[in-house]
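See structure below.
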Amino acid sequence: MSNAVSALQGAAFSDGIAEVRELGLRGMITLRGDLSDKKLIKAVKAVAGAMPEQRKIALKGDAGAAWMSLDELLLMVPHSDALGTVETLNSALNGTHFLAANVSDARAVFEVSGPYARDVMAKLAPVDFAPDAFEMGMFRRSRMAQVPAAFWMSDEDAFRVVCFRSVGEYMFDLLSVAAQTGSEVDVF
Amino acid sequence: MLILECPCCGVTGEETEFHAGGEAHLKRHSVGSTDDQFEEYLFMRENPRGVHLERWRHNNGCGKWFHAARCTMTLEVFGTYPAQTYEPPQEIKDAISAKRPGWSWRNFS
Ligand SMILES: [Zn+2]
């Protein structure tokens, strides 16, 4: 078994208006199929506690399920549980039309936190981050500067960002620059 | 800047979240077609000043294809509708008619 390492091995930037941190290894599974299928809903609930509504994320401790599109969810589990979860899904959904793929090592995950986290996010994505427009429980796929990204809130002042691992360093640099000292916008 | 609402995931986003996919409702003439039909499919495109029907993809989002009816002159979007149709639904036609009475686009009006 190889020694898995995350894209930036926990890199952090904390000298600015918000803290940016790469969250290290995360288990991520792409699950595609009929999201109204009873077997699929049951299998998702077993992982994340609940089935996410459209454009929402269901969170339970270290695990979660995010709504990616009409036929796709992103399941999040501890990294060491990813392969086991795929096997569980494969046997639970046997006989239905679905796909469960372990994409853990194809992704990078970041957290942007602090009172100005919204400012940092709003600088980079074409999305309304006003407190009453982007709330806890929402999940949005969009872009951040030039790369695709998905994000949600993990706390009052904290956002999680997922992107492709191949652009992990770009994302970290982007977030760090957007969080540099003195760059508050103060629109929210 | 275009503001489009993706009918698949429901997100309203600006155009950099989407990717234009060319003219809508093309018939893919292929095996068994005449040379004229095949030429039509490959090369002949509408280039209107005004109402236009297009395919778009929510590439920085849910990844799905859909259709949009918009004005090439004012960038006004009349509406978006699912990809799984050969022609614009009645409510889209009505929305265009409300703003551009007497419009026509290929066989639709
Ligand atoms: Zn969409």
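Each chain in the structure tokens gets a letter, A, B and so on, in the order shown; residues start at 1 in every chain, and ligands are counted from 1 in the order they appear.
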
Expected answer as a list of chain:residue names: alpha helix (DSSP H) residues in chain B: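 Taking chain B and keeping alpha helix (DSSP H) gives B:Asp35, B:Asp36, B:Gln37, B:Phe38, B:Glu39, B:Glu40, B:Tyr41, B:Leu42, B:Phe43, B:Gln90, B:Glu91, B:Ile92, B:Lys93, B:Asp94, B:Ala95, B:Ile96, B:Ser97, B:Ala98, B:Lys99.
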
Should the cut-off be 7 Å, what would the residue list for chain A against chain B look like, counting only C-alpha atoms, as a count of residues only? 7

Could you pull out all residues of chain B with a DSSP call of strand (DSSP E) and give them as a PyMOL selection string? chain B and resi 3-5+12-14+19-23+51-57+65-71+77-82

For the residues selected in the previous step, produce a file with C-alpha atoms as a CSV table (one decimal), in the first residue's frame.
```csv
chain,number,residue,atom,x,y,z
B,3,ILE,CA,-27.6,35.9,-16.9
B,4,LEU,CA,-28.9,32.3,-17.5
B,5,GLU,CA,-31.0,30.1,-15.3
B,12,THR,CA,-29.1,31.4,-11.9
B,13,GLY,CA,-25.6,32.3,-13.0
B,14,GLU,CA,-23.7,34.7,-15.2
B,19,HIS,CA,-20.4,27.4,-22.2
B,20,ALA,CA,-22.2,28.2,-25.4
B,21,GLY,CA,-22.9,25.1,-27.5
B,22,GLY,CA,-24.0,26.6,-30.8
B,23,GLU,CA,-27.3,26.7,-32.6
B,51,VAL,CA,-34.2,36.3,-31.5
B,52,HIS,CA,-31.9,33.3,-31.4
B,53,LEU,CA,-32.2,29.8,-30.0
B,54,GLU,CA,-29.0,28.2,-28.7
B,55,ARG,CA,-27.6,25.3,-26.8
B,56,TRP,CA,-25.7,26.0,-23.6
B,57,ARG,CA,-23.9,23.8,-21.1
B,65,TRP,CA,-26.9,20.7,-21.5
B,66,PHE,CA,-30.0,22.9,-21.9
B,67,HIS,CA,-31.5,25.4,-24.4
B,68,ALA,CA,-31.8,29.2,-24.2
B,69,ALA,CA,-33.8,31.7,-26.1
B,70,ARG,CA,-32.2,35.1,-26.2
B,71,CYS,CA,-31.8,38.3,-28.2
B,77,VAL,CA,-32.7,36.2,-22.2
B,78,PHE,CA,-36.3,35.2,-22.9
B,79,GLY,CA,-36.0,31.9,-21.1
B,80,THR,CA,-34.2,28.6,-20.8
B,81,TYR,CA,-35.7,25.2,-21.4
B,82,PRO,CA,-34.6,21.5,-21.2
```

Distance query region 25-40 of chain B at most 8 Å, only C-alpha atoms, self and fewer than 5 positions along chain excluded, as an NGL selection string: :B and (45 or 86-87)

Given the selection you just returned, output its residues as a file containing all heavy atoms, formatted as a compact mmCIF listing (two decimals), in the first residue's frame.
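The resulting file, result_27.txt, is reproduced below:
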```
# COMPACT_ATOMS: atom_id res chain seq x y z
N ARG B 45 -25.84 27.72 -40.77
CA ARG B 45 -26.27 28.18 -39.46
C ARG B 45 -27.01 29.51 -39.56
O ARG B 45 -26.69 30.33 -40.41
CB ARG B 45 -25.05 28.35 -38.54
CG ARG B 45 -24.35 27.05 -38.20
CD ARG B 45 -25.21 26.14 -37.35
NE ARG B 45 -24.52 24.90 -37.02
CZ ARG B 45 -24.56 23.80 -37.77
NH1 ARG B 45 -25.26 23.79 -38.90
NH2 ARG B 45 -23.93 22.71 -37.40
N TYR B 86 -37.40 18.93 -29.35
CA TYR B 86 -37.05 19.30 -30.71
C TYR B 86 -37.44 20.74 -31.04
O TYR B 86 -37.08 21.26 -32.07
CB TYR B 86 -37.72 18.35 -31.70
CG TYR B 86 -37.18 16.95 -31.63
CD1 TYR B 86 -37.97 15.91 -31.16
CD2 TYR B 86 -35.87 16.68 -32.02
CE1 TYR B 86 -37.47 14.62 -31.08
CE2 TYR B 86 -35.36 15.40 -31.94
CZ TYR B 86 -36.17 14.37 -31.48
OH TYR B 86 -35.66 13.10 -31.40
N GLU B 87 -38.25 21.34 -30.17
CA GLU B 87 -38.63 22.73 -30.42
C GLU B 87 -38.90 23.45 -29.10
O GLU B 87 -39.14 22.81 -28.08
CB GLU B 87 -39.85 22.81 -31.34
CG GLU B 87 -41.09 22.17 -30.77
CD GLU B 87 -42.28 22.38 -31.72
OE1 GLU B 87 -42.79 23.51 -31.74
OE2 GLU B 87 -42.66 21.43 -32.41
```

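Minimum atom-to-atom distances from B:Leu75, B:Met1, B:Ala24, B:Cys6 to ligand 1 were compared using only C-alpha atoms and all ligand atoms, and the lowest value belongs to B:Cys6.
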